[in-house]
Amino acid sequence: MSVWDADTISRFAQQGEDLFAVTHKCIVQRVALSIVANTSEYTLSDSVIDIRKITWLGRRIDPIPFRQWKDDDLPLNSTGRPDGYIYNNIGQQKIKFYPTPDTTIASTSSNLFGSEIANRVIVEYYSTPDYSTIIIPSFIRRRLIKCYVAKMCFSIESKGQNLKAARYFSDKWDHLMERYGQGLQDLINKPRRLIASSTPQNNRIPRPRLNPSNFGVGVDF
Amino acid sequence: MALISAIKSRIRQNLNDNGVTFYSTEDLDDSFQDAYDDIAFLSRCIIKKRAVSKQANLSYYALADEITDLMAPIAIYDPAQSKFLLDDKTLRDFELENDSWELRTGTPTHWAALDHKYTALYPRYASVTSGSPTDAFTRANASDLNSSDWTNSVNTNGSYIKIASNAVEVLGQGVAYRPDSYGQYQRSKFTLRQNSGAVYVATTRSGPMVRFSGSYNNASFYCIEVLTAGATHLKKYVNADLSQSVTGSSITSPHAVVSALGDTLEIEATGNTVNLYRNGSVIQTVTDYSIGSGYIGLATIDTTVNDTLLSRWDDFEGYYTPALDVYYWAVPPVFADSDSPLVATDLQRLFDNYCVGDLLEQAEEYAKANPFWKEYFRDIDIYLERIQRLSKTALRSLS
């Protein structure tokens, strides 16, 4: 019989998975907000760690810099199609759009990565796991969580307390967090450059250009 | 190449566990699977290819849902363009170019991963045209299917798949397939016109097939087989020589309902599911991951060379959705002792070091475990560097 009960082990398993998901932001989810005309503030789910991107009928809208918010330089009383938002600067899990939306846009839960992008207000966010369907990558999950559970079980006050073992698994957890996190970063976020690095430069996506006419009066030298 | 049973035996020797059995079989098996998973993740040593159907108006493909052993994509090839999509951009780069890049349509030129589940194609397809080839075989008798729409791959001993009396007559081993039908989602339907009774024995079988690749003497595909007295079931062949005494892997048991002359028999492959339809109704469904893509057509397995009529088929109807080929790093399979691990022979000591370290650690022998971990991680770095170098060379030679 185990020294630790199933609830304790399960609790630490969930803590370990939470820790990895928060540290390495490896779970991405999408939700379509139900937008109501003349309402600017909405509440996001508790599972949102951070917002990765928001699109308004397919067009990206950006977070409003803190300086602009502080300087009171916001279109507080205007309505229209939002071009910016503030998240969590106004309260836990709250998001506020500027200017205030002037249309109602319904929510949906399907095709948020495809055909519904053009029709919805979609928040793409880094999510915490739900430990069943929304989980960290399964190809690292078991070994990583096992290590955290061992670390914590050997640490807590109980018949099974073993500080030498706790220290060993703590070091191993730190090592795996770093190695798996880096491995995941390489797998997911790093461009492969296996094909394109050998192609001519003129195949590259053009960068956006800021013409002088876009930001001031042109000066002839 | 060592079998896994031999590696496990070495691990027990390293633990001085031979005969003593301090560590249970379950302990060792768990540790070995962990080692396999860890080596595959950290070194990315298992590379596979799978076809994924193109979809209209889809910006992000949930590749992990379609490819169950996916770890991450390496490269994406578009057979329609005969080229790899470019892989030097991130999603951030797409966003810099265009605030609404997810809505831009066209022929994809780039891809980038969002997370371990979703991968974006840029731009996305506005529409995808599926193929629905048909053939009533109403034409002059010929020694093959006598049409540029079909490719025959048969043994050279005779005209084994041919046109006669406005139908397909099968006399020996081989395949006839549609070279324009490459894909992952496919259907192939024929009407059974003649069942020559005694020839439907274990060594002589034919029926509609999907996901065919190779040639008659090195063929992989799923097919329907009609056995003696018409019992009908699904089979798969992997790298099989259809002129030899091959045994395909039955992926279902023969169905109780027999097929009769005039029945339509259809095989459908979608993702990891293969369905068998008889007269429009599903009679068998199986899940199988072995063959990811190929062509549709008709297959015959026959070990005899007798040039006698084996079966007659008519009224072909096919369907396919164009696909992209995804090359990907894969997670390892659940191991069996009789397998050889998918790890380079000279670095299979990775298993020894991982398992010995892992099992010593479970026995709270931490000081003893550390040197094995040190060796393990040193070898992993060596292996990763080797694989990265080889991947780059291999893909560039294909692009």
# chains A, B, ... in the order shown; residues from 1 in each chain; ligands from 1
>>> interface_residues(of="chain B", to="chain A", cutoff="6 Å", atoms="only C-alpha atoms", output="PyMOL selection string")
chain B and resi 57-60+86-89+97+99-100+113+115+392
>>> write_last_selection(atoms="all heavy atoms", output="CSV table (one decimal), in the first residue's frame")
chain,number,residue,atom,x,y,z
B,57,ASN,N,-10.6,26.8,-46.6
B,57,ASN,CA,-10.8,27.8,-45.6
B,57,ASN,C,-10.4,27.3,-44.2
B,57,ASN,O,-11.0,27.7,-43.2
B,57,ASN,CB,-12.3,28.2,-45.5
B,57,ASN,CG,-12.7,28.9,-46.7
B,57,ASN,OD1,-12.0,29.8,-47.2
B,57,ASN,ND2,-13.9,28.5,-47.3
B,58,LEU,N,-9.4,26.5,-44.2
B,58,LEU,CA,-8.8,26.1,-42.9
B,58,LEU,C,-7.4,26.7,-42.7
B,58,LEU,O,-6.5,26.4,-43.5
B,58,LEU,CB,-8.7,24.5,-42.8
B,58,LEU,CG,-8.3,24.0,-41.5
B,58,LEU,CD1,-9.4,24.3,-40.4
B,58,LEU,CD2,-8.1,22.5,-41.5
B,59,SER,N,-7.3,27.5,-41.7
B,59,SER,CA,-6.0,28.2,-41.5
B,59,SER,C,-5.0,27.3,-40.7
B,59,SER,O,-3.8,27.4,-40.9
B,59,SER,CB,-6.2,29.5,-40.8
B,59,SER,OG,-7.1,30.3,-41.5
B,60,TYR,N,-5.6,26.6,-39.8
B,60,TYR,CA,-4.8,25.8,-38.9
B,60,TYR,C,-5.2,24.3,-39.0
B,60,TYR,O,-6.4,24.0,-38.7
B,60,TYR,CB,-4.9,26.2,-37.4
B,60,TYR,CG,-4.4,27.6,-37.2
B,60,TYR,CD1,-5.3,28.7,-37.4
B,60,TYR,CD2,-3.1,27.9,-36.7
B,60,TYR,CE1,-4.9,30.0,-37.1
B,60,TYR,CE2,-2.7,29.2,-36.5
B,60,TYR,CZ,-3.6,30.3,-36.7
B,60,TYR,OH,-3.2,31.5,-36.4
B,86,LEU,N,7.6,26.4,-47.7
B,86,LEU,CA,8.7,27.0,-47.1
B,86,LEU,C,8.5,27.0,-45.6
B,86,LEU,O,7.4,27.1,-45.1
B,86,LEU,CB,8.9,28.5,-47.6
B,86,LEU,CG,9.1,28.6,-49.1
B,86,LEU,CD1,9.3,30.0,-49.5
B,86,LEU,CD2,10.4,27.8,-49.5
B,87,ASP,N,9.6,26.9,-44.9
B,87,ASP,CA,9.6,26.7,-43.4
B,87,ASP,C,10.4,27.6,-42.6
B,87,ASP,O,10.9,27.3,-41.5
B,87,ASP,CB,10.0,25.2,-43.1
B,87,ASP,CG,11.4,25.0,-43.7
B,87,ASP,OD1,12.0,25.9,-44.2
B,87,ASP,OD2,11.9,23.8,-43.4
B,88,ASP,N,10.7,28.8,-43.2
B,88,ASP,CA,11.6,29.7,-42.5
B,88,ASP,C,10.8,30.9,-41.7
B,88,ASP,O,11.5,31.8,-41.3
B,88,ASP,CB,12.6,30.4,-43.5
B,88,ASP,CG,11.8,31.1,-44.6
B,88,ASP,OD1,10.6,30.9,-44.8
B,88,ASP,OD2,12.5,32.0,-45.2
B,89,LYS,N,9.5,30.8,-41.6
B,89,LYS,CA,8.8,31.8,-40.9
B,89,LYS,C,8.1,31.3,-39.7
B,89,LYS,O,7.7,30.1,-39.6
B,89,LYS,CB,7.7,32.4,-41.9
B,89,LYS,CG,8.3,33.0,-43.1
B,89,LYS,CD,9.1,34.2,-42.9
B,89,LYS,CE,9.7,34.7,-44.1
B,89,LYS,NZ,10.8,35.7,-43.8
B,97,GLU,N,3.4,40.6,-41.7
B,97,GLU,CA,3.1,40.9,-43.1
B,97,GLU,C,1.6,41.4,-43.2
B,97,GLU,O,1.4,42.3,-44.0
B,97,GLU,CB,3.3,39.7,-43.9
B,97,GLU,CG,3.2,40.0,-45.4
B,97,GLU,CD,2.6,38.9,-46.2
B,97,GLU,OE1,2.2,37.8,-45.7
B,97,GLU,OE2,2.3,39.2,-47.4
B,99,ASP,N,-2.3,41.9,-41.0
B,99,ASP,CA,-3.1,41.7,-39.8
B,99,ASP,C,-4.2,40.6,-40.0
B,99,ASP,O,-4.7,40.1,-39.0
B,99,ASP,CB,-3.8,43.0,-39.5
B,99,ASP,CG,-2.9,44.0,-38.8
B,99,ASP,OD1,-1.8,43.6,-38.4
B,99,ASP,OD2,-3.3,45.2,-38.7
B,100,SER,N,-4.5,40.4,-41.3
B,100,SER,CA,-5.6,39.5,-41.5
B,100,SER,C,-5.1,38.2,-42.3
B,100,SER,O,-5.8,37.7,-43.1
B,100,SER,CB,-6.7,40.1,-42.4
B,100,SER,OG,-7.1,41.3,-41.8
B,113,ALA,N,4.2,26.2,-37.0
B,113,ALA,CA,3.4,25.5,-36.0
B,113,ALA,C,2.9,26.5,-35.0
B,113,ALA,O,3.6,27.5,-34.6
B,113,ALA,CB,4.3,24.5,-35.3
B,115,ASP,N,1.1,25.2,-31.9
B,115,ASP,CA,1.5,24.5,-30.7
B,115,ASP,C,1.7,23.0,-31.1
B,115,ASP,O,1.8,22.7,-32.3
B,115,ASP,CB,0.5,24.7,-29.6
B,115,ASP,CG,-0.9,24.0,-30.0
B,115,ASP,OD1,-1.1,23.6,-31.1
B,115,ASP,OD2,-1.8,24.0,-29.1
B,392,LYS,N,18.5,17.5,-42.4
B,392,LYS,CA,18.7,18.6,-43.3
B,392,LYS,C,19.2,18.1,-44.7
B,392,LYS,O,18.7,18.5,-45.7
B,392,LYS,CB,19.8,19.6,-42.7
B,392,LYS,CG,19.7,21.0,-43.1
B,392,LYS,CD,20.3,21.9,-42.1
B,392,LYS,CE,20.0,23.3,-42.4
B,392,LYS,NZ,20.1,24.2,-41.3
>>> select_by_dssp(residues="segment 80-132 of chain A", states="strand (DSSP E)", output="list in words")
Gly80, Gly84, Tyr85, Ile86, Tyr87, Lys94, Ile95, Lys96, Phe97, Tyr98, Thr100, Pro101, Val121, Ile122, Val123, Glu124, Tyr125, Tyr126 and Ser127 of chain A
>>> residues_around(residues="Tyr328 of chain B", least_positions_apart="3", cutoff="8 Å", atoms="only C-alpha atoms", output="PyMOL selection string")
chain B and resi 47-49+70-75
>>> write_last_selection(atoms="N, CA, C and O atoms", output="short mmCIF file (atom, residue, chain, number, x, y, z; two decimals), in the first residue's frame")
data_model
loop_
_atom_site.label_atom_id
_atom_site.label_comp_id
_atom_site.auth_asym_id
_atom_site.auth_seq_id
_atom_site.Cartn_x
_atom_site.Cartn_y
_atom_site.Cartn_z
N ILE B 47 11.33 9.42 -37.77
CA ILE B 47 10.77 10.32 -38.78
C ILE B 47 9.82 9.52 -39.66
O ILE B 47 10.17 8.44 -40.14
N LYS B 48 8.62 10.04 -39.84
CA LYS B 48 7.62 9.35 -40.65
C LYS B 48 6.96 10.33 -41.61
O LYS B 48 7.16 11.55 -41.51
N LYS B 49 6.15 9.78 -42.49
CA LYS B 49 5.40 10.61 -43.45
C LYS B 49 3.95 10.17 -43.44
O LYS B 49 3.68 8.97 -43.34
N LEU B 70 2.01 11.81 -33.88
CA LEU B 70 2.74 13.05 -34.21
C LEU B 70 3.40 13.65 -32.97
O LEU B 70 2.78 13.76 -31.92
N MET B 71 4.66 14.05 -33.13
CA MET B 71 5.29 14.85 -32.10
C MET B 71 5.33 16.30 -32.61
O MET B 71 4.88 17.20 -31.94
N ALA B 72 5.84 16.48 -33.82
CA ALA B 72 5.83 17.80 -34.47
C ALA B 72 6.15 17.63 -35.94
O ALA B 72 6.91 16.72 -36.31
N PRO B 73 5.58 18.48 -36.79
CA PRO B 73 5.91 18.38 -38.22
C PRO B 73 7.34 18.83 -38.49
O PRO B 73 7.86 19.71 -37.81
N ILE B 74 7.95 18.19 -39.49
CA ILE B 74 9.29 18.61 -39.92
C ILE B 74 9.18 19.39 -41.22
O ILE B 74 9.81 20.43 -41.40
N ALA B 75 8.40 18.86 -42.16
CA ALA B 75 8.28 19.49 -43.47
C ALA B 75 6.93 19.10 -44.06
O ALA B 75 6.36 18.07 -43.70
#
>>> closest_residue(among="B:His116, B:Thr129, B:Met209, B:Glu169", to="Ile134 of chain A", atoms="only C-alpha atoms")
B:His116
>>> residues_around(residues="Arg167 of chain A", least_positions_apart="6", cutoff="12 Å", atoms="only C-alpha atoms", output="MDAnalysis selection string")
(chainID A and resid 147:148 150:155 161 173:174) or (chainID B and resid 364 366)
>>> write_last_selection(atoms="N, CA and C atoms", output="compact mmCIF listing (two decimals), in the first residue's frame")
# COMPACT_ATOMS: atom_id res chain seq x y z
N CYS A 147 8.13 12.90 -11.96
CA CYS A 147 9.24 13.50 -11.25
C CYS A 147 8.76 14.53 -10.23
N TYR A 148 7.78 15.34 -10.63
CA TYR A 148 7.26 16.36 -9.71
C TYR A 148 6.53 15.71 -8.53
N ALA A 150 7.10 12.78 -7.26
CA ALA A 150 8.10 12.20 -6.36
C ALA A 150 8.73 13.30 -5.50
N LYS A 151 9.07 14.40 -6.14
CA LYS A 151 9.68 15.53 -5.41
C LYS A 151 8.78 15.99 -4.25
N MET A 152 7.50 16.19 -4.55
CA MET A 152 6.60 16.75 -3.55
C MET A 152 6.22 15.72 -2.49
N CYS A 153 6.00 14.46 -2.91
CA CYS A 153 5.62 13.43 -1.94
C CYS A 153 6.74 13.19 -0.93
N PHE A 154 7.98 13.21 -1.41
CA PHE A 154 9.09 13.01 -0.48
C PHE A 154 9.32 14.24 0.40
N SER A 155 8.76 15.37 0.01
CA SER A 155 8.99 16.62 0.75
C SER A 155 8.00 16.83 1.89
N GLN A 161 8.29 10.91 4.25
CA GLN A 161 9.21 12.04 4.04
C GLN A 161 10.65 11.55 3.94
N TRP A 173 13.69 17.48 -11.47
CA TRP A 173 12.55 18.27 -11.98
C TRP A 173 13.04 19.54 -12.66
N ASP A 174 13.98 20.23 -11.99
CA ASP A 174 14.51 21.47 -12.58
C ASP A 174 15.17 21.17 -13.93
N GLU B 364 15.95 4.05 -4.68
CA GLU B 364 16.53 5.10 -3.84
C GLU B 364 18.06 5.03 -3.80
N TYR B 366 20.42 6.85 -5.33
CA TYR B 366 20.60 8.05 -6.14
C TYR B 366 22.04 8.26 -6.61
>>> residues_around(residues="segment 93-109 of chain A", least_positions_apart="5", cutoff="6 Å", atoms="only C-alpha atoms", output="list in words")
Ala32, Leu33, Ser34, Ile35, Val36, Ala37, Asn38, Ser40, Glu41, Tyr42, Thr43, Leu44, Pro75, Ser78, Thr79, Gly80, Arg81, Pro82, Gly84, Tyr85, Ile86, Tyr87 and Asn88 of chain A
>>> residues_around(residues="Leu384 of chain B", least_positions_apart="4", cutoff="8 Å", atoms="only C-alpha atoms", output="number ranges by chain")
B: 42-45, 380, 388
>>> write_last_selection(atoms="all heavy atoms", output="compact mmCIF listing (two decimals), in the first residue's frame")
# COMPACT_ATOMS: atom_id res chain seq x y z
N LEU B 42 13.80 13.59 -27.21
CA LEU B 42 15.00 14.42 -27.10
C LEU B 42 15.90 14.32 -28.33
O LEU B 42 16.60 15.27 -28.68
CB LEU B 42 15.79 14.05 -25.84
CG LEU B 42 15.10 14.39 -24.52
CD1 LEU B 42 15.91 13.88 -23.34
CD2 LEU B 42 14.88 15.89 -24.38
N SER B 43 15.90 13.18 -29.00
CA SER B 43 16.79 13.04 -30.16
C SER B 43 16.05 13.23 -31.48
O SER B 43 16.66 13.46 -32.51
CB SER B 43 17.45 11.66 -30.16
OG SER B 43 16.51 10.66 -30.50
N ARG B 44 14.71 13.10 -31.46
CA ARG B 44 13.87 13.17 -32.68
C ARG B 44 14.32 12.15 -33.72
O ARG B 44 14.52 12.45 -34.89
CB ARG B 44 13.92 14.58 -33.27
CG ARG B 44 13.52 15.64 -32.28
CD ARG B 44 13.74 17.01 -32.86
NE ARG B 44 14.03 17.98 -31.81
CZ ARG B 44 14.56 19.15 -32.05
NH1 ARG B 44 14.88 19.52 -33.27
NH2 ARG B 44 14.79 19.98 -31.05
N CYS B 45 14.51 10.93 -33.25
CA CYS B 45 15.11 9.91 -34.12
C CYS B 45 14.10 9.17 -34.98
O CYS B 45 14.49 8.40 -35.85
CB CYS B 45 15.90 8.91 -33.28
SG CYS B 45 14.90 8.06 -32.05
N ILE B 380 22.55 11.49 -25.73
CA ILE B 380 21.38 12.11 -26.38
C ILE B 380 21.82 13.31 -27.22
O ILE B 380 21.38 13.50 -28.35
CB ILE B 380 20.34 12.55 -25.31
CG1 ILE B 380 19.47 11.38 -24.90
CG2 ILE B 380 19.49 13.70 -25.81
CD1 ILE B 380 18.43 10.96 -25.93
N GLN B 388 19.96 15.85 -36.66
CA GLN B 388 19.70 17.16 -37.27
C GLN B 388 20.47 17.33 -38.57
O GLN B 388 19.96 17.84 -39.56
CB GLN B 388 20.05 18.28 -36.30
CG GLN B 388 19.00 18.46 -35.23
CD GLN B 388 19.35 19.56 -34.25
OE1 GLN B 388 20.52 19.77 -33.94
NE2 GLN B 388 18.35 20.24 -33.73
>>> select_by_dssp(residues="segment 20-207 of chain A", states="alpha helix (DSSP H)", output="PyMOL selection string")
chain A and resi 20-24+66-70+138-155+163-188
>>> atom_distance(atom1="atom CA of Tyr320 of chain B", atom2="atom CA of Ile46 of chain B")
28.5 Å
>>> closest_residue(among="A:Val3, A:Gln15, A:Pro129, A:Leu144", to="Glu157 of chain A", atoms="only C-alpha atoms")
A:Val3
>>> atom_distance(atom1="atom CA of Val22 of chain A", atom2="atom CA of Arg141 of chain A")
14.2 Å
>>> residues_around(residues="segment 284-301 of chain B", least_positions_apart="5", cutoff="7 Å", atoms="only C-alpha atoms", output="NGL selection string")
:B and (50-51 or 172-179 or 181-184 or 188 or 203-213 or 221 or 242-243 or 251-252 or 272-276)
>>> write_last_selection(atoms="C-alpha atoms", output="short mmCIF file (atom, residue, chain, number, x, y, z; two decimals), in the first residue's frame")
data_model
loop_
_atom_site.label_atom_id
_atom_site.label_comp_id
_atom_site.auth_asym_id
_atom_site.auth_seq_id
_atom_site.Cartn_x
_atom_site.Cartn_y
_atom_site.Cartn_z
CA ARG B 50 1.65 10.80 -43.62
CA ALA B 51 -0.86 12.35 -46.00
CA GLY B 172 -3.62 -13.24 -61.69
CA GLN B 173 -1.65 -11.20 -59.19
CA GLY B 174 -1.34 -7.45 -59.55
CA VAL B 175 -3.00 -4.09 -59.10
CA ALA B 176 -4.69 -1.54 -61.32
CA TYR B 177 -4.82 1.96 -59.86
CA ARG B 178 -5.71 5.55 -60.73
CA PRO B 179 -2.48 7.60 -60.75
CA SER B 181 -6.03 9.77 -57.05
CA TYR B 182 -3.24 10.33 -54.51
CA GLY B 183 -4.66 11.13 -51.12
CA GLN B 184 -5.52 10.15 -47.60
CA SER B 188 -13.03 2.72 -54.15
CA THR B 203 -4.19 -17.90 -51.81
CA THR B 204 -6.36 -16.21 -54.43
CA ARG B 205 -8.28 -13.09 -53.57
CA SER B 206 -9.26 -9.79 -55.16
CA GLY B 207 -11.25 -6.65 -54.49
CA PRO B 208 -11.33 -2.82 -54.36
CA MET B 209 -8.34 -1.17 -52.70
CA VAL B 210 -7.29 2.23 -51.31
CA ARG B 211 -4.01 3.87 -50.30
CA PHE B 212 -1.96 1.77 -52.68
CA SER B 213 1.73 2.48 -53.12
CA PHE B 221 -2.65 -1.03 -49.43
CA LEU B 242 1.51 -10.29 -54.49
CA SER B 243 3.01 -13.06 -56.61
CA ILE B 251 -7.92 -6.16 -39.79
CA THR B 252 -11.36 -7.62 -39.15
CA ASN B 272 -7.20 6.14 -39.14
CA THR B 273 -10.50 4.49 -39.99
CA VAL B 274 -11.17 1.97 -42.72
CA ASN B 275 -14.78 1.12 -43.60
CA LEU B 276 -16.24 -1.66 -45.72
#
